[in-house]
Amino acid sequence: MKTTVDDGEGSIPAYRGYLGVSNRTFLDPELLSAVAIEKGPSSGAVGGGAIGGVVSMQTIGVDDIVKSGETVGLRIRGDVGGNSASPPAVGTRGGMLMGFNPSAPLVGAADGMDQPGLFDFEGKFGSVAAGYKLDNIDIVGTYVRRKEGNYFAGTKGRSGFSEAYTACSGCPIWYRAGGLTHVRAGEEVLNTSQDSTSYLLKGDVRLSEESTLKLGYVQYGNTFGELMPSVAQSHNIIGRLRCQRLRSTV
């Protein structure tokens, strides 16, 4: 799969430990105006080299903010959400703990079972977008701030862990999951938090009836829970990312 943002390359490689390298696209959904998905090999200019398909994303433009017939537009949005908590210290254990005694009972991590109250809003989001239209120039800018804590798993359905097993004498004890999740019912799910800030600035300059110069700048920064395959089920890990994207076309 190939991912593009405003007709330019939109993914970067990320090291995944035992799983090798994967491509990721970092873009706040509040900056999106449209998404098109094309399945299979693509012969288009944007999808050149793609075999599995192309995901084409377009960021918001001045027409998404400024109403028809107007010259200035402003959009302000925000919300709050619950069922989450601030991420614990790096290295905090979660789920069922492993040991070296096969006859020992299953022991859950000491932390992670204190669910937040109904009105404990750890999740917050806000954005401001403004657009301005002139005869030959269109400008749009957006600022997005998003903060979400680790969410808590549900308490319904199958959950928990069953019997312990070990691969050899003296090897660590592992536990087989008794449900569809690797965490306990109602437990904080580690590495699901994020704290991001995004900026977007775009401009269209109409040089003539046949030519338009398009300029764009996107910056995305995030401190987030990282799901590394080797420790994803037991430790809290924090990753930090900052990426910038410049794009100009005529």
# chains A, B, ... in the order shown; residues from 1 in each chain; ligands from 1

$ closest_atom_pairs --of "range 44-100 of chain A" --to "range 125-146 of chain A" --cutoff "8 Å" --atoms "only C-alpha atoms" --output "JSON lines"
{"residue": "A:Gly61", "atom": "CA", "partner": "A:Val140", "partner_atom": "CA", "distance": 6.3}
{"residue": "A:Val62", "atom": "CA", "partner": "A:Val140", "partner_atom": "CA", "distance": 5.2}
{"residue": "A:Ile65", "atom": "CA", "partner": "A:Gly131", "partner_atom": "CA", "distance": 5.7}
{"residue": "A:Val66", "atom": "CA", "partner": "A:Gly131", "partner_atom": "CA", "distance": 5.9}
{"residue": "A:Glu70", "atom": "CA", "partner": "A:Lys133", "partner_atom": "CA", "distance": 7.9}
{"residue": "A:Thr71", "atom": "CA", "partner": "A:Lys133", "partner_atom": "CA", "distance": 4.8}
{"residue": "A:Val72", "atom": "CA", "partner": "A:Tyr132", "partner_atom": "CA", "distance": 4.7}
{"residue": "A:Gly73", "atom": "CA", "partner": "A:Gly131", "partner_atom": "CA", "distance": 5.1}
{"residue": "A:Leu74", "atom": "CA", "partner": "A:Ala130", "partner_atom": "CA", "distance": 4.5}
{"residue": "A:Arg75", "atom": "CA", "partner": "A:Ala129", "partner_atom": "CA", "distance": 5.1}
{"residue": "A:Ile76", "atom": "CA", "partner": "A:Val128", "partner_atom": "CA", "distance": 4.7}
{"residue": "A:Arg77", "atom": "CA", "partner": "A:Ser127", "partner_atom": "CA", "distance": 5.4}
{"residue": "A:Gly78", "atom": "CA", "partner": "A:Gly126", "partner_atom": "CA", "distance": 4.0}
{"residue": "A:Asp79", "atom": "CA", "partner": "A:Phe125", "partner_atom": "CA", "distance": 5.4}
{"residue": "A:Val80", "atom": "CA", "partner": "A:Phe125", "partner_atom": "CA", "distance": 6.4}

$ closest_atom_pairs --of "range 1-44 of chain A" --to "range 198-220 of chain A" --cutoff "12 Å" --atoms "only C-alpha atoms" --output "Markdown table"
| residue | atom | partner | partner_atom | distance |
| --- | --- | --- | --- | --- |
| A:Val5 | CA | A:Val218 | CA | 10.1 |
| A:Asp6 | CA | A:Gly216 | CA | 8.8 |
| A:Asp7 | CA | A:Gly216 | CA | 11.4 |
| A:Gly8 | CA | A:Gly216 | CA | 10.9 |
| A:Gly10 | CA | A:Val218 | CA | 11.0 |
| A:Thr25 | CA | A:Tyr220 | CA | 10.6 |
| A:Phe26 | CA | A:Tyr220 | CA | 7.1 |
| A:Leu27 | CA | A:Tyr220 | CA | 6.7 |
| A:Asp28 | CA | A:Ser198 | CA | 7.0 |
| A:Pro29 | CA | A:Ser198 | CA | 10.2 |
| A:Glu30 | CA | A:Ser198 | CA | 9.3 |
| A:Leu31 | CA | A:Leu200 | CA | 7.5 |
| A:Leu32 | CA | A:Leu200 | CA | 10.6 |

$ write_last_selection --atoms "N, CA, C and O atoms" --output "PDB file, in the first residue's frame"
ATOM      1  N   VAL A   5      -0.171  12.237   0.787  1.00  0.00           N
ATOM      2  CA  VAL A   5      -0.825  13.381   1.407  1.00  0.00           C
ATOM      3  C   VAL A   5      -0.666  14.563   0.473  1.00  0.00           C
ATOM      4  O   VAL A   5       0.468  14.964   0.164  1.00  0.00           O
ATOM      5  N   ASP A   6      -1.771  15.095  -0.018  1.00  0.00           N
ATOM      6  CA  ASP A   6      -1.746  16.183  -0.991  1.00  0.00           C
ATOM      7  C   ASP A   6      -0.874  15.825  -2.188  1.00  0.00           C
ATOM      8  O   ASP A   6      -0.038  16.608  -2.656  1.00  0.00           O
ATOM      9  N   ASP A   7      -1.031  14.588  -2.660  1.00  0.00           N
ATOM     10  CA  ASP A   7      -0.361  14.068  -3.865  1.00  0.00           C
ATOM     11  C   ASP A   7       1.140  13.897  -3.690  1.00  0.00           C
ATOM     12  O   ASP A   7       1.867  13.689  -4.679  1.00  0.00           O
ATOM     13  N   GLY A   8       1.629  13.955  -2.469  1.00  0.00           N
ATOM     14  CA  GLY A   8       3.037  13.714  -2.199  1.00  0.00           C
ATOM     15  C   GLY A   8       3.206  12.510  -1.281  1.00  0.00           C
ATOM     16  O   GLY A   8       2.267  12.063  -0.628  1.00  0.00           O
ATOM     17  N   GLY A  10       3.498  10.272   1.698  1.00  0.00           N
ATOM     18  CA  GLY A  10       2.967  10.594   3.020  1.00  0.00           C
ATOM     19  C   GLY A  10       3.352   9.640   4.122  1.00  0.00           C
ATOM     20  O   GLY A  10       2.800   9.715   5.216  1.00  0.00           O
ATOM     21  N   THR A  25       2.032   6.682   8.610  1.00  0.00           N
ATOM     22  CA  THR A  25       1.617   8.016   8.199  1.00  0.00           C
ATOM     23  C   THR A  25       1.121   8.769   9.423  1.00  0.00           C
ATOM     24  O   THR A  25       0.209   8.293  10.107  1.00  0.00           O
ATOM     25  N   PHE A  26       1.712   9.906   9.716  1.00  0.00           N
ATOM     26  CA  PHE A  26       1.363  10.685  10.891  1.00  0.00           C
ATOM     27  C   PHE A  26       0.678  11.969  10.437  1.00  0.00           C
ATOM     28  O   PHE A  26       1.316  12.877   9.902  1.00  0.00           O
ATOM     29  N   LEU A  27      -0.632  12.029  10.667  1.00  0.00           N
ATOM     30  CA  LEU A  27      -1.421  13.192  10.280  1.00  0.00           C
ATOM     31  C   LEU A  27      -2.683  13.210  11.130  1.00  0.00           C
ATOM     32  O   LEU A  27      -3.413  12.220  11.180  1.00  0.00           O
ATOM     33  N   ASP A  28      -2.938  14.325  11.802  1.00  0.00           N
ATOM     34  CA  ASP A  28      -4.135  14.417  12.629  1.00  0.00           C
ATOM     35  C   ASP A  28      -5.373  14.410  11.739  1.00  0.00           C
ATOM     36  O   ASP A  28      -5.425  15.101  10.723  1.00  0.00           O
ATOM     37  N   PRO A  29      -6.382  13.605  12.076  1.00  0.00           N
ATOM     38  CA  PRO A  29      -7.596  13.542  11.246  1.00  0.00           C
ATOM     39  C   PRO A  29      -8.328  14.864  11.113  1.00  0.00           C
ATOM     40  O   PRO A  29      -9.098  15.056  10.169  1.00  0.00           O
ATOM     41  N   GLU A  30      -8.098  15.788  12.045  1.00  0.00           N
ATOM     42  CA  GLU A  30      -8.744  17.092  11.958  1.00  0.00           C
ATOM     43  C   GLU A  30      -8.240  17.895  10.757  1.00  0.00           C
ATOM     44  O   GLU A  30      -8.904  18.828  10.300  1.00  0.00           O
ATOM     45  N   LEU A  31      -7.089  17.523  10.222  1.00  0.00           N
ATOM     46  CA  LEU A  31      -6.526  18.228   9.072  1.00  0.00           C
ATOM     47  C   LEU A  31      -6.997  17.652   7.744  1.00  0.00           C
ATOM     48  O   LEU A  31      -6.632  18.176   6.680  1.00  0.00           O
ATOM     49  N   LEU A  32      -7.789  16.594   7.770  1.00  0.00           N
ATOM     50  CA  LEU A  32      -8.204  15.922   6.542  1.00  0.00           C
ATOM     51  C   LEU A  32      -9.469  16.537   5.961  1.00  0.00           C
ATOM     52  O   LEU A  32     -10.409  16.872   6.677  1.00  0.00           O
TER      53      LEU A  32
END

$ closest_residue --among "A:Gly221, A:Pro13, A:Gly40, A:Gly69" --to "Lys147 in chain A" --atoms "only C-alpha atoms"
A:Gly221

$ atom_distance --atom1 "CA of Ala50 in chain A" --atom2 "CA of Lys2 in chain A"
5.7 Å

$ atom_distance --atom1 "CA of Ser56 in chain A" --atom2 "CA of Ala34 in chain A"
8.3 Å

$ atom_distance --atom1 "CA of Phe152 in chain A" --atom2 "CA of Gly81 in chain A"
12.4 Å

$ closest_residue --among "A:Ser196, A:Ala185, A:Met57, A:Glu38" --to "Glu9 in chain A" --atoms "only C-alpha atoms"
A:Met57

$ select_by_dssp --residues "range 47-132 of chain A" --states "strand (DSSP E or B)" --output "NGL selection string"
:A and (53-59 or 72-81 or 84-85 or 93 or 96-97 or 107-108 or 123-132)

$ write_last_selection --atoms "N, CA and C atoms" --output "tab-separated table (two decimals), in the first residue's frame"
chain	number	residue	atom	x	y	z
A	53	GLY	N	-2.30	-1.13	-3.53
A	53	GLY	CA	-3.30	-0.08	-3.58
A	53	GLY	C	-2.72	1.25	-3.13
A	54	VAL	N	-3.56	2.28	-3.19
A	54	VAL	CA	-3.13	3.63	-2.84
A	54	VAL	C	-4.18	4.27	-1.94
A	55	VAL	N	-3.72	4.88	-0.84
A	55	VAL	CA	-4.57	5.69	0.02
A	55	VAL	C	-4.15	7.14	-0.19
A	56	SER	N	-5.04	7.91	-0.81
A	56	SER	CA	-4.75	9.31	-1.13
A	56	SER	C	-5.51	10.22	-0.17
A	57	MET	N	-4.80	11.00	0.60
A	57	MET	CA	-5.41	11.92	1.55
A	57	MET	C	-5.18	13.35	1.12
A	58	GLN	N	-6.23	14.16	1.23
A	58	GLN	CA	-6.14	15.58	0.93
A	58	GLN	C	-6.41	16.37	2.21
A	59	THR	N	-5.53	17.31	2.52
A	59	THR	CA	-5.74	18.14	3.71
A	59	THR	C	-6.73	19.26	3.38
A	72	VAL	N	-13.74	35.54	4.12
A	72	VAL	CA	-13.08	35.14	5.36
A	72	VAL	C	-13.92	34.07	6.05
A	73	GLY	N	-13.25	33.08	6.63
A	73	GLY	CA	-13.95	32.03	7.36
A	73	GLY	C	-13.17	31.60	8.58
A	74	LEU	N	-13.88	31.17	9.61
A	74	LEU	CA	-13.26	30.71	10.85
A	74	LEU	C	-14.01	29.49	11.36
A	75	ARG	N	-13.26	28.45	11.77
A	75	ARG	CA	-13.86	27.24	12.32
A	75	ARG	C	-13.16	26.88	13.62
A	76	ILE	N	-13.94	26.72	14.68
A	76	ILE	CA	-13.41	26.33	15.98
A	76	ILE	C	-14.15	25.09	16.46
A	77	ARG	N	-13.43	24.06	16.82
A	77	ARG	CA	-14.05	22.81	17.27
A	77	ARG	C	-13.28	22.26	18.47
A	78	GLY	N	-13.98	21.50	19.30
A	78	GLY	CA	-13.34	20.87	20.45
A	78	GLY	C	-14.26	19.86	21.10
A	79	ASP	N	-13.70	18.98	21.90
A	79	ASP	CA	-14.49	18.03	22.66
A	79	ASP	C	-13.66	17.46	23.81
A	80	VAL	N	-14.31	16.75	24.70
A	80	VAL	CA	-13.65	16.07	25.81
A	80	VAL	C	-14.15	14.64	25.87
A	81	GLY	N	-13.38	13.76	26.47
A	81	GLY	CA	-13.76	12.36	26.57
A	81	GLY	C	-13.25	11.75	27.86
A	84	SER	N	-10.31	7.25	30.43
A	84	SER	CA	-8.88	7.21	30.17
A	84	SER	C	-8.15	7.86	31.33
A	85	ALA	N	-6.85	7.58	31.40
A	85	ALA	CA	-6.01	8.11	32.48
A	85	ALA	C	-4.65	8.48	31.93
A	93	ARG	N	4.36	-2.08	34.71
A	93	ARG	CA	3.88	-3.38	34.23
A	93	ARG	C	2.36	-3.39	34.17
A	96	MET	N	-1.00	-9.72	33.40
A	96	MET	CA	-0.59	-10.74	34.35
A	96	MET	C	0.93	-10.82	34.38
A	97	LEU	N	1.50	-10.88	35.58
A	97	LEU	CA	2.94	-10.93	35.74
A	97	LEU	C	3.45	-12.36	35.60
A	107	VAL	N	-0.87	-13.81	39.05
A	107	VAL	CA	-0.77	-12.55	39.78
A	107	VAL	C	-0.88	-11.40	38.79
A	108	GLY	N	-1.82	-10.50	39.05
A	108	GLY	CA	-1.99	-9.34	38.18
A	108	GLY	C	-1.12	-8.20	38.64
A	123	GLY	N	-9.29	12.92	28.19
A	123	GLY	CA	-9.17	13.17	26.76
A	123	GLY	C	-9.67	14.57	26.40
A	124	LYS	N	-8.85	15.32	25.67
A	124	LYS	CA	-9.21	16.68	25.28
A	124	LYS	C	-8.74	16.93	23.84
A	125	PHE	N	-9.51	17.71	23.13
A	125	PHE	CA	-9.17	18.04	21.75
A	125	PHE	C	-9.69	19.42	21.40
A	126	GLY	N	-8.92	20.17	20.63
A	126	GLY	CA	-9.36	21.48	20.18
A	126	GLY	C	-8.64	21.87	18.90
A	127	SER	N	-9.34	22.60	18.03
A	127	SER	CA	-8.72	23.04	16.78
A	127	SER	C	-9.28	24.39	16.38
A	128	VAL	N	-8.43	25.16	15.70
A	128	VAL	CA	-8.82	26.45	15.15
A	128	VAL	C	-8.33	26.50	13.71
A	129	ALA	N	-9.22	26.82	12.78
A	129	ALA	CA	-8.86	26.93	11.37
A	129	ALA	C	-9.41	28.24	10.82
A	130	ALA	N	-8.61	28.92	10.02
A	130	ALA	CA	-9.02	30.19	9.43
A	130	ALA	C	-8.64	30.20	7.96
A	131	GLY	N	-9.49	30.82	7.14
A	131	GLY	CA	-9.24	30.92	5.71
A	131	GLY	C	-9.50	32.32	5.21
A	132	TYR	N	-8.78	32.68	4.12
A	132	TYR	CA	-8.92	34.03	3.57
A	132	TYR	C	-8.79	33.93	2.05
